[in-house]
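Q: Have a peek at upload33.txt (compact mmCIF, C-alpha atoms).
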# COMPACT_ATOMS: atom_id res chain seq x y z
CA MET A 1 -14.33 24.65 29.05
CA VAL A 2 -10.95 23.85 27.63
CA ASP A 3 -10.01 25.48 24.34
CA LEU A 4 -9.19 22.79 21.79
CA ASN A 5 -6.49 24.74 19.99
CA ASP A 6 -3.53 23.16 18.21
CA ASP A 7 -1.26 23.45 21.22
CA VAL A 8 -3.66 21.59 23.45
CA LEU A 9 -4.50 18.99 20.85
CA ILE A 10 -0.94 18.13 20.01
CA ALA A 11 0.02 17.86 23.66
CA TYR A 12 -3.01 15.61 24.14
CA SER A 13 -2.04 13.47 21.15
CA ASP A 14 1.44 13.02 22.60
CA GLY A 15 0.16 12.25 26.09
CA GLN A 16 1.86 15.34 27.52
CA LEU A 17 -1.09 16.89 29.36
CA ASP A 18 -1.63 16.49 33.05
CA GLU A 19 -4.41 14.12 34.01
CA LYS A 20 -6.98 16.76 34.79
CA THR A 21 -6.52 18.69 31.55
CA ALA A 22 -6.40 15.48 29.56
CA ALA A 23 -9.75 14.46 31.03
CA GLU A 24 -11.24 17.82 30.14
CA VAL A 25 -9.94 17.54 26.59
CA GLU A 26 -11.30 14.05 26.33
CA SER A 27 -14.82 15.08 27.22
CA ALA A 28 -14.67 18.17 24.97
CA LEU A 29 -13.52 15.96 22.10
CA GLU A 30 -16.70 13.92 22.24
CA LYS A 31 -18.59 16.86 20.81
CA ASP A 32 -15.90 17.98 18.40
CA PRO A 33 -15.22 15.69 15.43
CA ALA A 34 -13.04 18.34 13.76
CA ALA A 35 -10.72 18.40 16.75
CA ARG A 36 -10.61 14.61 16.76
CA GLU A 37 -9.55 14.73 13.14
CA ILE A 38 -6.74 17.15 13.97
CA ILE A 39 -5.50 14.82 16.69
CA GLU A 40 -5.50 11.99 14.22
CA GLN A 41 -3.48 14.11 11.81
CA PHE A 42 -0.96 15.03 14.49
CA ARG A 43 -0.57 11.37 15.35
CA THR A 44 -0.18 10.38 11.74
CA ALA A 45 2.42 13.09 11.23
CA ALA A 46 4.39 11.91 14.25
CA GLN A 47 4.28 8.36 12.98
CA LEU A 48 5.44 9.46 9.53
CA ALA A 49 8.27 11.55 10.93
CA SER A 50 9.43 8.66 13.03
CA GLU A 51 9.27 6.21 10.14
CA ALA A 52 10.89 8.57 7.68
CA PHE A 53 14.09 8.76 9.66
CA ALA A 54 14.06 5.37 11.28
CA ALA A 55 15.13 2.93 8.68
CA PRO A 56 18.84 2.97 8.00
CA PHE A 57 20.23 2.93 11.49
CA GLU A 58 18.63 -0.30 12.48
CA GLN A 59 20.56 -2.10 9.82
CA ASP A 60 24.00 -0.70 9.45
CA VAL A 61 26.49 1.10 11.61
CA PRO A 62 29.29 2.34 9.40
CA GLU A 63 32.71 1.13 10.31
CA ARG A 64 34.11 4.63 10.59
CA LEU A 65 31.78 5.30 13.50
CA LEU A 66 32.87 2.22 15.36
CA LYS A 67 36.47 3.09 14.62
CA VAL A 68 36.13 6.24 16.67
CA PHE A 69 35.91 4.09 19.77
CA GLU A 70 38.87 1.91 19.08
CA GLU A 71 41.63 2.41 21.47
CA PRO A 72 45.00 2.67 19.80
CA ALA A 73 46.92 -0.54 20.16
CA ALA A 74 49.93 -0.54 22.38
CA GLU A 75 53.02 0.07 20.32
CA THR A 76 55.22 -2.61 21.77
CA PRO A 77 53.18 -5.61 22.80
CA GLY A 78 54.47 -7.08 26.01
CA SER A 79 55.08 -10.75 25.88
CA GLU A 80 54.02 -11.68 29.39
CA ALA A 81 50.35 -11.58 28.59
CA ARG A 82 50.52 -13.80 25.57
CA ILE A 83 48.38 -16.85 25.50
CA THR A 84 50.43 -19.88 26.24
CA GLY A 85 49.58 -23.35 25.17
CA ASP A 86 48.04 -23.44 21.74
CA SER A 87 46.84 -26.98 22.12
CA ASN A 88 43.33 -26.34 23.24
CA VAL A 89 41.90 -23.01 22.18
CA ALA A 90 38.90 -25.10 21.40
CA ASP A 91 35.72 -24.51 23.30
CA LEU A 92 35.31 -20.79 23.59
CA SER A 93 36.71 -19.90 20.23
CA GLN A 94 34.59 -22.55 18.66
CA GLN A 95 31.63 -21.07 20.37
CA ARG A 96 32.41 -17.68 18.90
CA THR A 97 33.13 -19.23 15.53
CA ALA A 98 29.84 -21.02 15.65
CA ARG A 99 28.09 -17.80 16.50
CA GLN A 100 29.74 -16.11 13.58
CA ALA A 101 28.99 -18.94 11.22
CA LYS A 102 25.32 -18.40 11.77
CA LYS A 103 25.62 -14.90 10.45
CA PRO A 104 26.30 -14.70 6.76
CA GLY A 105 28.62 -11.90 5.91
CA PHE A 106 30.00 -11.46 9.37
CA PRO A 107 33.48 -10.15 8.86
CA THR A 108 36.31 -12.02 10.43
CA ALA A 109 39.52 -10.44 11.49
CA SER A 110 41.24 -11.46 8.30
CA ASN A 111 38.89 -10.49 5.54
CA GLY A 112 39.20 -6.80 5.72
CA SER A 113 37.04 -3.89 6.57
CA SER A 114 35.22 -3.31 3.32
CA VAL A 115 33.16 -6.40 3.94
CA PHE A 116 31.32 -4.66 6.70
CA ARG A 117 29.88 -1.96 4.52
CA ARG A 118 28.51 -4.40 2.04
CA HIS A 119 26.94 -6.70 4.54
CA ALA A 120 24.98 -4.54 6.84
CA LEU A 121 24.70 -5.99 10.30
CA PRO A 122 21.23 -6.31 11.70
CA LEU A 123 20.61 -4.04 14.62
CA ALA A 124 17.13 -3.99 16.03
CA ALA A 125 15.36 -0.77 16.75
CA SER A 126 15.42 -1.44 20.43
CA VAL A 127 19.14 -1.81 20.62
CA ALA A 128 21.18 0.99 21.98
CA LEU A 129 24.89 1.18 21.83
CA ILE A 130 26.59 2.22 24.97
CA VAL A 131 30.29 2.56 24.64
CA GLY A 132 32.85 3.06 27.30
CA ILE A 133 30.37 3.28 30.08
CA GLY A 134 30.12 1.42 33.28
CA GLY A 135 30.74 3.28 36.49
CA GLY A 136 27.12 3.35 37.51
CA LEU A 137 26.46 -0.13 36.35
CA GLY A 138 25.59 -1.19 39.82
CA LEU A 139 22.92 -3.20 38.13
CA SER A 140 19.88 -1.64 39.66
CA ASN A 141 19.51 1.41 37.49
CA PHE A 142 19.43 0.21 33.94
CA THR A 143 15.78 -0.50 33.53
CA SER A 144 14.07 2.56 32.18
CA PRO A 145 11.49 1.06 29.86
CA SER A 146 11.69 3.55 27.02
CA ALA A 147 15.03 5.24 27.02
CA PRO A 148 18.15 3.14 27.14
CA SER A 149 19.87 4.04 30.31
CA VAL A 150 23.18 5.69 30.32
CA VAL A 151 25.53 5.16 33.15
CA ALA A 152 28.61 7.00 34.18
CA ALA A 153 31.84 6.40 32.38
CA GLY A 154 34.64 4.65 34.11
CA THR A 155 35.25 1.78 36.35
CA ILE A 156 32.83 -0.93 37.31
CA PRO A 157 32.35 -0.59 41.08
CA GLU A 158 34.19 -3.20 43.06
CA GLN A 159 31.17 -3.90 45.23
CA SER A 160 28.99 -4.66 42.24
CA LEU A 161 27.85 -8.07 41.18
CA LEU A 162 29.31 -7.41 37.77
CA HIS A 163 32.76 -6.89 39.21
CA ALA A 164 32.44 -10.11 41.18
CA ALA A 165 31.33 -12.06 38.14
CA LEU A 166 34.12 -10.70 35.97
CA GLU A 167 36.65 -11.44 38.63
CA ARG A 168 35.58 -14.94 39.60
CA THR A 169 32.90 -16.55 37.45
CA PRO A 170 34.01 -18.92 34.70
CA SER A 171 32.67 -18.25 31.23
CA LEU A 172 29.22 -19.62 30.52
CA GLU A 173 28.48 -19.99 34.20
CA ALA A 174 26.22 -17.53 35.95
CA LEU A 175 26.26 -15.34 38.99
CA GLU A 176 22.84 -14.19 40.08
CA GLU A 177 21.35 -11.83 42.61
CA VAL A 178 17.69 -11.63 43.48
CA SER A 179 16.10 -8.85 45.50
CA GLU A 180 14.52 -9.72 48.83
CA ASP A 181 11.00 -9.39 47.48
CA GLY A 182 11.94 -11.59 44.56
CA LEU A 183 10.73 -9.04 42.03
CA THR A 184 14.03 -8.05 40.55
CA SER A 185 17.00 -10.12 39.62
CA ASN A 186 20.25 -9.82 37.76
CA ARG A 187 21.94 -12.75 36.19
CA ILE A 188 25.46 -12.29 34.88
CA GLU A 189 27.17 -14.74 32.61
CA PRO A 190 30.69 -14.13 31.40
CA GLN A 191 30.84 -15.31 27.81
CA GLN A 192 34.51 -15.51 27.08
CA THR A 193 37.90 -14.21 28.11
CA PHE A 194 40.49 -12.82 25.77
CA ILE A 195 43.48 -10.53 25.55
CA ASP A 196 43.01 -7.26 23.73
CA THR A 197 45.40 -5.37 21.52
CA ASN A 198 46.55 -3.40 24.56
CA GLN A 199 47.56 -6.63 26.29
CA ARG A 200 44.80 -6.46 28.84
CA TYR A 201 42.60 -9.29 29.94
CA CYS A 202 39.08 -8.65 28.77
CA ARG A 203 35.82 -10.48 29.22
CA GLU A 204 32.65 -10.42 27.26
CA TYR A 205 29.65 -10.75 29.52
CA ARG A 206 25.92 -10.84 29.41
CA ILE A 207 23.50 -9.48 31.99
CA ILE A 208 19.86 -10.34 32.06
CA GLY A 209 18.13 -8.00 34.45
CA LYS A 210 14.51 -8.58 35.36
CA THR A 211 12.31 -6.06 37.06
CA THR A 212 8.60 -5.50 37.25
CA PHE A 213 9.04 -3.19 34.23
CA GLY A 214 10.44 -5.91 32.05
CA VAL A 215 13.65 -7.47 31.06
CA GLN A 216 16.86 -5.85 30.04
CA ASP A 217 19.34 -7.87 28.13
CA LEU A 218 22.77 -6.34 28.04
CA MET A 219 25.99 -7.62 26.61
CA GLY A 220 29.25 -5.89 27.15
CA VAL A 221 32.98 -6.08 27.28
CA ALA A 222 35.10 -5.02 30.19
CA CYS A 223 38.86 -5.08 30.49
CA ARG A 224 40.97 -5.48 33.59
CA THR A 225 43.46 -2.82 34.55
CA ASP A 226 46.75 -3.51 36.27
CA SER A 227 45.27 -2.26 39.51
CA GLY A 228 42.63 -4.95 39.44
CA SER A 229 39.59 -2.92 38.47
CA TRP A 230 37.45 -3.56 35.43
CA THR A 231 36.64 -0.82 32.95
CA GLN A 232 33.72 -0.99 30.63
CA GLN A 233 34.61 -0.95 26.95
CA ILE A 234 31.28 -1.35 25.27
CA ALA A 235 27.80 -2.45 26.15
CA VAL A 236 24.93 -3.21 23.85
CA SER A 237 21.65 -3.15 25.59
CA GLN A 238 18.33 -4.44 24.49
CA GLN A 239 15.31 -3.35 26.42
CA VAL A 240 12.44 -5.76 26.35
CA SER A 241 9.30 -4.02 27.44
CA THR A 242 7.52 -6.70 29.38
CA SER A 243 8.65 -10.01 30.64
CA THR A 244 5.95 -11.80 28.71
CA ASN A 245 7.33 -10.90 25.29
CA TYR A 246 10.89 -11.38 26.31
CA GLN A 247 12.90 -12.97 23.56
CA PRO A 248 16.48 -13.92 24.13
CA ALA A 249 18.78 -11.66 22.19
CA GLY A 250 20.44 -13.11 19.18
CA GLU A 251 21.54 -11.24 16.11
CA ASP A 252 21.03 -7.93 17.81
CA HIS A 253 24.34 -8.19 19.49
CA ASP A 254 26.32 -8.32 16.28
CA VAL A 255 27.71 -4.87 16.83
CA LEU A 256 29.25 -6.19 19.99
CA GLY A 257 30.70 -9.16 18.14
CA LEU A 258 32.22 -6.82 15.63
CA PHE A 259 33.74 -4.73 18.40
CA VAL A 260 35.14 -7.79 20.13
CA ASN A 261 36.70 -8.97 16.90
CA ARG A 262 38.37 -5.62 16.55
CA ILE A 263 39.99 -5.43 19.93
CA MET A 264 40.66 -9.12 20.44
CA LYS A 265 44.21 -10.20 19.90
CA ASP A 266 44.44 -13.82 18.79
CA ALA A 267 41.79 -16.24 19.96
CA PRO A 268 39.85 -16.28 23.21
CA LEU A 269 41.47 -18.08 26.10
CA ASP A 270 40.61 -21.71 26.56
CA GLY A 271 38.91 -22.99 29.68
CA ALA A 272 42.10 -24.12 31.36
CA ALA A 273 43.90 -20.83 30.81
CA GLU A 274 40.86 -18.92 32.00
CA SER A 275 40.48 -21.00 35.12
CA ARG A 276 44.16 -20.48 35.98
CA LEU A 277 43.57 -16.74 35.80
CA LEU A 278 40.42 -16.89 37.89
CA GLN A 279 42.23 -18.82 40.58
CA SER A 280 45.34 -16.68 40.61
CA ASP A 281 43.65 -13.28 40.84
CA TRP A 282 44.49 -12.65 37.22
CA GLN A 283 48.21 -12.86 37.71
CA MET B 1 31.79 8.27 26.55
CA VAL B 2 29.26 7.73 23.87
CA ALA B 3 25.88 6.19 23.82
CA MET B 4 23.35 4.96 21.43
CA LEU B 5 24.79 5.22 17.97
CA PRO B 6 21.50 4.41 16.22
CA ARG B 7 19.80 7.22 18.09
CA LEU B 8 22.60 9.64 17.44
CA ARG B 9 22.58 8.75 13.79
CA ARG B 10 18.86 9.17 13.46
CA PHE B 11 19.04 12.53 15.16
CA ALA B 12 21.89 13.59 12.90
CA TYR B 13 20.05 12.36 9.84
CA ALA B 14 17.02 14.45 10.69
CA LEU B 15 19.22 17.41 11.51
CA THR B 16 21.34 17.30 8.37
CA GLY B 17 18.94 15.66 5.98
CA SER B 18 21.52 13.23 4.75
CA THR B 19 22.71 9.91 6.08
CA ASP B 20 26.27 10.67 5.00
CA LEU B 21 26.32 14.16 6.42
CA GLY B 22 24.61 12.77 9.47
CA ASP B 23 27.26 10.12 9.99
CA ASP B 24 29.96 12.73 9.50
CA LEU B 25 28.29 14.71 12.21
CA VAL B 26 28.01 11.73 14.55
CA GLN B 27 31.65 10.92 13.96
CA ALA B 28 32.75 14.49 14.66
CA ALA B 29 30.57 14.61 17.75
CA CYS B 30 31.88 11.32 19.10
CA GLU B 31 35.45 12.41 18.55
CA ARG B 32 34.80 15.69 20.28
CA ALA B 33 33.01 13.96 23.13
CA LEU B 34 35.82 11.48 23.63
CA SER B 35 38.37 14.23 23.78
CA ARG B 36 36.29 16.21 26.27
CA LEU B 37 34.95 13.44 28.39
CA ASN B 38 36.16 15.22 31.48
CA GLN B 39 33.70 18.02 30.70
CA TRP B 40 30.73 15.73 30.98
CA GLN B 41 29.20 15.96 34.41
CA GLN B 42 28.40 12.56 35.79
CA GLY B 43 24.82 12.33 36.78
CA THR B 44 23.64 14.42 33.86
CA ARG B 45 22.27 12.77 30.79
CA LEU B 46 24.97 11.64 28.46
CA ASP B 47 22.58 11.49 25.53
CA SER B 48 21.57 15.12 25.95
CA TRP B 49 25.20 16.10 26.15
CA MET B 50 25.91 14.23 22.91
CA PHE B 51 22.91 15.77 21.18
CA ARG B 52 24.06 19.18 22.23
CA ILE B 53 27.53 18.57 20.87
CA MET B 54 26.01 17.48 17.58
CA GLN B 55 23.77 20.49 17.46
CA THR B 56 26.69 22.82 18.18
CA ILE B 57 28.88 21.27 15.52
CA TRP B 58 26.08 21.38 13.00
CA ILE B 59 25.31 25.02 13.67
CA ASP B 60 29.01 25.83 13.35
CA GLN B 61 29.14 24.01 10.04
CA MET B 62 26.05 25.78 8.80
CA ARG B 63 27.59 29.11 9.68
CA ALA B 64 30.93 28.23 8.18
CA LYS B 65 29.59 26.91 4.93
CA LYS B 66 26.48 28.99 4.84
CA VAL B 67 24.65 25.84 3.95
CA ARG B 68 21.15 26.79 3.08
CA GLY B 69 18.42 24.45 2.01
CA HIS B 70 20.89 21.62 2.32
CA SER B 71 20.16 18.78 -0.02
CA TYR B 72 18.40 15.82 1.43
CA ASP B 73 19.45 12.47 0.07
CA LEU B 74 15.96 11.27 -0.31
CA ASP B 75 16.70 7.84 -1.64
CA ALA B 76 19.17 6.73 0.94
CA ALA B 77 16.63 5.51 3.41
CA ASN B 78 13.74 3.18 3.14
CA ASP B 79 14.90 1.20 0.19
CA ILE B 80 12.86 -1.64 1.51
CA ALA B 81 13.98 -4.94 0.15
CA GLY B 82 11.56 -7.42 -1.26
CA ASP B 83 8.62 -7.17 -3.55
CA ASP B 84 7.41 -3.74 -4.39
CA GLY B 85 3.70 -3.73 -4.16
CA GLU B 86 1.86 -0.56 -4.99
CA ARG B 87 1.26 0.05 -1.29
CA ALA B 88 4.91 -0.31 -0.45
CA MET B 89 5.80 2.04 -3.25
CA GLU B 90 3.24 4.52 -2.10
CA ALA B 91 4.41 4.32 1.49
CA ARG B 92 7.95 4.90 0.34
CA LEU B 93 6.98 7.93 -1.67
CA THR B 94 5.09 9.28 1.31
CA LEU B 95 8.11 8.92 3.56
CA LYS B 96 10.26 10.53 0.91
CA ARG B 97 7.97 13.52 0.84
CA VAL B 98 7.98 13.63 4.63
CA ARG B 99 11.76 13.78 4.67
CA ALA B 100 11.72 16.55 2.09
CA ALA B 101 9.15 18.43 4.15
CA VAL B 102 11.23 18.04 7.30
CA GLY B 103 14.19 19.44 5.39
CA GLU B 104 12.20 22.49 4.46
CA LEU B 105 11.00 23.22 7.96
CA PRO B 106 12.54 26.19 9.76
CA GLU B 107 15.50 25.06 11.83
CA ASP B 108 13.76 25.62 15.19
CA GLN B 109 10.74 23.56 14.16
CA ARG B 110 12.90 20.79 12.76
CA LEU B 111 14.84 20.53 16.00
CA VAL B 112 11.71 20.28 18.13
CA LEU B 113 10.17 17.72 15.79
CA THR B 114 13.38 15.70 15.84
CA LEU B 115 13.69 15.69 19.59
CA ILE B 116 10.08 14.80 20.27
CA SER B 117 8.62 12.91 17.34
CA ILE B 118 11.77 11.22 16.09
CA ASP B 119 13.85 10.72 19.22
CA GLY B 120 10.88 10.38 21.56
CA ARG B 121 11.72 13.04 24.16
CA SER B 122 9.04 14.58 26.33
CA TYR B 123 8.04 18.23 25.87
CA LYS B 124 9.70 19.02 29.15
CA GLU B 125 12.97 17.43 28.11
CA ALA B 126 12.90 19.24 24.77
CA ALA B 127 12.18 22.54 26.51
CA GLU B 128 15.10 22.01 28.86
CA PHE B 129 17.34 20.97 26.03
CA LEU B 130 16.52 24.01 23.92
CA ASN B 131 16.12 26.29 26.90
CA VAL B 132 12.74 27.63 25.79
CA PRO B 133 9.30 27.51 27.47
CA ILE B 134 7.13 24.46 26.92
CA GLY B 135 4.58 26.66 25.16
CA THR B 136 7.16 27.45 22.49
CA ILE B 137 7.90 23.76 22.09
CA THR B 138 4.23 22.98 21.69
CA SER B 139 3.51 25.57 19.05
CA ARG B 140 6.64 24.78 17.03
CA LEU B 141 5.76 21.11 17.14
CA ALA B 142 2.15 21.72 16.10
CA ARG B 143 3.24 23.83 13.14
CA ALA B 144 5.79 21.25 12.06
CA ARG B 145 3.41 18.31 12.32
CA ARG B 146 0.62 20.16 10.51
CA ARG B 147 3.00 20.86 7.68
CA LEU B 148 4.14 17.24 7.49
CA TYR B 149 0.61 16.00 7.41
CA GLU B 150 -0.34 18.43 4.65
CA VAL B 151 2.59 17.35 2.54
CA ALA B 152 2.06 13.65 3.10
CA TYR B 153 -1.70 13.68 2.77
CA GLU B 154 -1.94 15.98 -0.21
CA THR B 155 0.26 13.90 -2.40
CA THR B 156 -1.05 10.60 -1.15
CA ALA B 157 -4.47 11.69 -2.32
CA LYS B 158 -3.04 12.56 -5.71
CA ILE B 159 -1.42 9.18 -6.08
CA SER B 160 -4.41 7.18 -5.04
CA SER B 161 -6.64 9.03 -7.51
CA ALA B 162 -4.22 8.45 -10.34
CA PRO B 163 -5.29 5.63 -12.66
CA ALA B 164 -2.02 3.72 -12.53
CA MET B 165 1.54 3.94 -11.35
CA GLU B 166 2.71 4.85 -14.87
CA SER B 167 1.05 8.19 -14.54
CA ASN B 168 3.30 9.03 -11.67
CA ASN B 169 5.15 12.06 -12.88
CA GLY B 170 7.49 12.00 -9.89
Starting from the file, give its structure as structure tokens.

A:
Amino acid sequence: MVDLNDDVLIAYSDGQLDEKTAAEVESALEKDPAAREIIEQFRTAAQLASEAFAAPFEQDVPERLLKVFEEPAAETPGSEARITGDSNVADLSQQRTARQAKKPGFPTASNGSSVFRRHALPLAASVALIVGIGGGLGLSNFTSPSAPSVVAAGTIPEQSLLHAALERTPSLEALEEVSEDGLTSNRIEPQQTFIDTNQRYCREYRIIGKTTFGVQDLMGVACRTDSGSWTQQIAVSQQVSTSTNYQPAGEDHDVLGLFVNRIMKDAPLDGAAESRLLQSDWQ
Amino acid sequence: MVAMLPRLRRFAYALTGSTDLGDDLVQAACERALSRLNQWQQGTRLDSWMFRIMQTIWIDQMRAKKVRGHSYDLDAANDIAGDDGERAMEARLTLKRVRAAVGELPEDQRLVLTLISIDGRSYKEAAEFLNVPIGTITSRLARARRRLYEVAYETTAKISSAPAMESNNG
């Protein structure tokens, strides 16, 4: 007969017992209302602890924390990478502007940093910030249902779908791969292309990965190095537990928008400029 | 580099008891991590590495400043917007007491509670992180959660038996 002491009960309440012991505890509990009450208390306490420290971080990431991840701007901006042709910066920048317009209080590049502190950006509980990561983003291993996955820092592998999409797919078009059994798929949509403060070409992208575990919605920014590889700058990932309650991400990606605004020099490239780059191997 | 700012901040908040101190800690940890990225072994968990950096910095700070019974900024969190029904008020007070109780826990219990009940790690992960047997994790966690429940429940009972909110002597 299993001893229903505190250690056993708390492990049971947290689902940390092996199946056999858990079954033994379960049957012992039927005759032990006092032990059931203790389990209830342990659960309540866990819930309270979680709630007590949960609130602020879903709403507001202080600017000083984001600043840590800013790369220092190049001291002498080279002129070769400047956007040429100011006639038609229209579509993509309008798209970003429209996205910003929907968010009251979203700071723009010009209105200073203090704005951010006053208008907390919404950041859902499920959102994890992954910064400067990307080596392992081979797109098959970012679907752990509870913990946001963390992938190796560095370069996006050249064989990966993400690399291919960044290299070749026009913004707002999609590149998709589906596994042979049809159960998992990854759909990558570049969102826009811009030049960052270090004079690199960068692209914001979105990946919707579907597996039998659910859907992962990830948005990120990668920048192209001179050698032709893409390095991850930031990724904001939203895990959606099952495909049935999948909701397209919206406001949750505001942290990403803020980051993009920080590193983006001038406006995003227009469609024509982007397509020239895509066709010329980014020369 | 760095992952999961909300998680890091929550962990730091529970560790330090203050959102500001917590953010200072996250900032220091991120800076340290960025400067030592080459020390992170690929394939190991980046989040655990970050947590460990935070824990190390915090322990150093505690030693340096001899911070004892550090003050918890109890009002910083959970200022829920909107109408303040009695229930909402009561819930807020409960959470406030829970935070105070967490702050008063022994450091080892607080860390276990934070890893498991706040960050959602498994017992095994917490044991590996702290390098102690699972049995130690379990008993620390049970003591911590019992204490939290006592604190939360005791005062909740007091409030609900009080005739009106005005009698709240808080």

Q: Which distance in Å separates CA of Asp47 (chain B) and CA of Arg99 (chain B), to one decimal?

A: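 Going from CA of Asp47 (chain B) over to CA of Arg99 (chain B) covers 23.6 Å.
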
Q: Would you list the contacts of region 174-184 of chain A as a list in words, taking every protein, DNA or RNA residue within 6 Å and counting all atoms listed in the file, but skipping same-chain residues closer than 3 positions in sequence?

A: Arg187, Ile188, Glu189, Lys210 and Thr211 of chain A

Q: Would you mind listing what lies within 7 Å of region 45-53 of chain A as a list in words, with all atoms listed in the file counted and same-chain residues fewer than 3 positions away left out?

A: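 Counting all atoms listed in the file, the residues come to Gln41 and Phe42 of chain A; Arg10, Tyr13, Ala14, Leu95, Val98, Arg99, Ser117, Ile118, Arg145, Leu148 and Tyr149 of chain B.
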
Q: Out of B:Thr56, B:Gln39, B:Thr114, B:Asn131, which residue has the shortest atom-to-atom distance to chain A when counting all atoms listed in the file?

A: B:Thr114

Q: Measuring between only C-alpha atoms, which one of B:Leu5, B:Glu125, B:Arg97, B:Arg32 shows the shortest distance to chain A?

A: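 Selected residue with least distance to chain A: B:Leu5.
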
Q: Could you state the separation of CA of Thr197 (chain A) and CA of Met264 (chain A) in Å, given to one decimal place?

A: 6.1 Å

Q: Using only C-alpha atoms, which of B:Ser139, B:Thr16, B:Ser35, B:Gln55 sits nearest chain A?

A: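 Between B:Ser139, B:Thr16, B:Ser35, B:Gln55, the residue approaching chain A most closely is B:Ser139.
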
Q: CA of Arg262 (chain A) and CA of Trp58 (chain B), how far apart in Å?

A: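 Between CA of Trp58 (chain B) and CA of Arg262 (chain A) the gap works out to 29.9 Å.
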
Q: Contacts of Arg140 (chain B) at 7 Å or less, counting only C-alpha atoms, minus same-chain residues fewer than 4 places along, as JSON, numbers by chain?

A: {"B": [109, 112, 136, 144]}

Q: Using only C-alpha atoms, which of A:Ala22, A:Leu65, A:Ala165, A:Leu4 sits nearest chain B?

A: A:Leu65

Q: Between A:Ala35, A:Ala28, A:Ala23, A:Ile207, which one has atoms that come closest to Asp6 (chain A), using all atoms listed in the file?

A: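 Of the candidates, the smallest distance to Asp6 (chain A) is held by A:Ala35.
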
Q: Where's the centre, and what are the edge lengths in Å to one decimal, of a box along x, y and z enclosing all listed atoms of region 113-130 of chain B padded 4 Å per side, as lines of an AutoDock Vina configuration file?

A:
center_x = 12.7
center_y = 17.2
center_z = 22.5
size_x = 17.3
size_y = 21.6
size_z = 21.4

Q: Excluding Pro106 (chain B) and residues on its chain fewer than 3 positions from it, collect all residues at most 12 Å away from it, counting only C-alpha atoms, and give them as a ChimeraX atom specification.

A: /B:15,68-69,101-103,109-113,140-141,143-144,147

Q: Tell me which of B:Met50, B:Val151, B:Ala142, B:Leu105 sits closest to chain A, counting all atoms listed in the file.

A: B:Ala142

Q: Within 7 Å of Ala126 (chain B), counting all atoms listed in the file, which residues qualify if same-chain residues fewer than 4 places away don't, as a list in words?

A: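 The neighbour list is Val112, Leu115, Ile116, Arg121, Ser122 and Leu130 of chain B.
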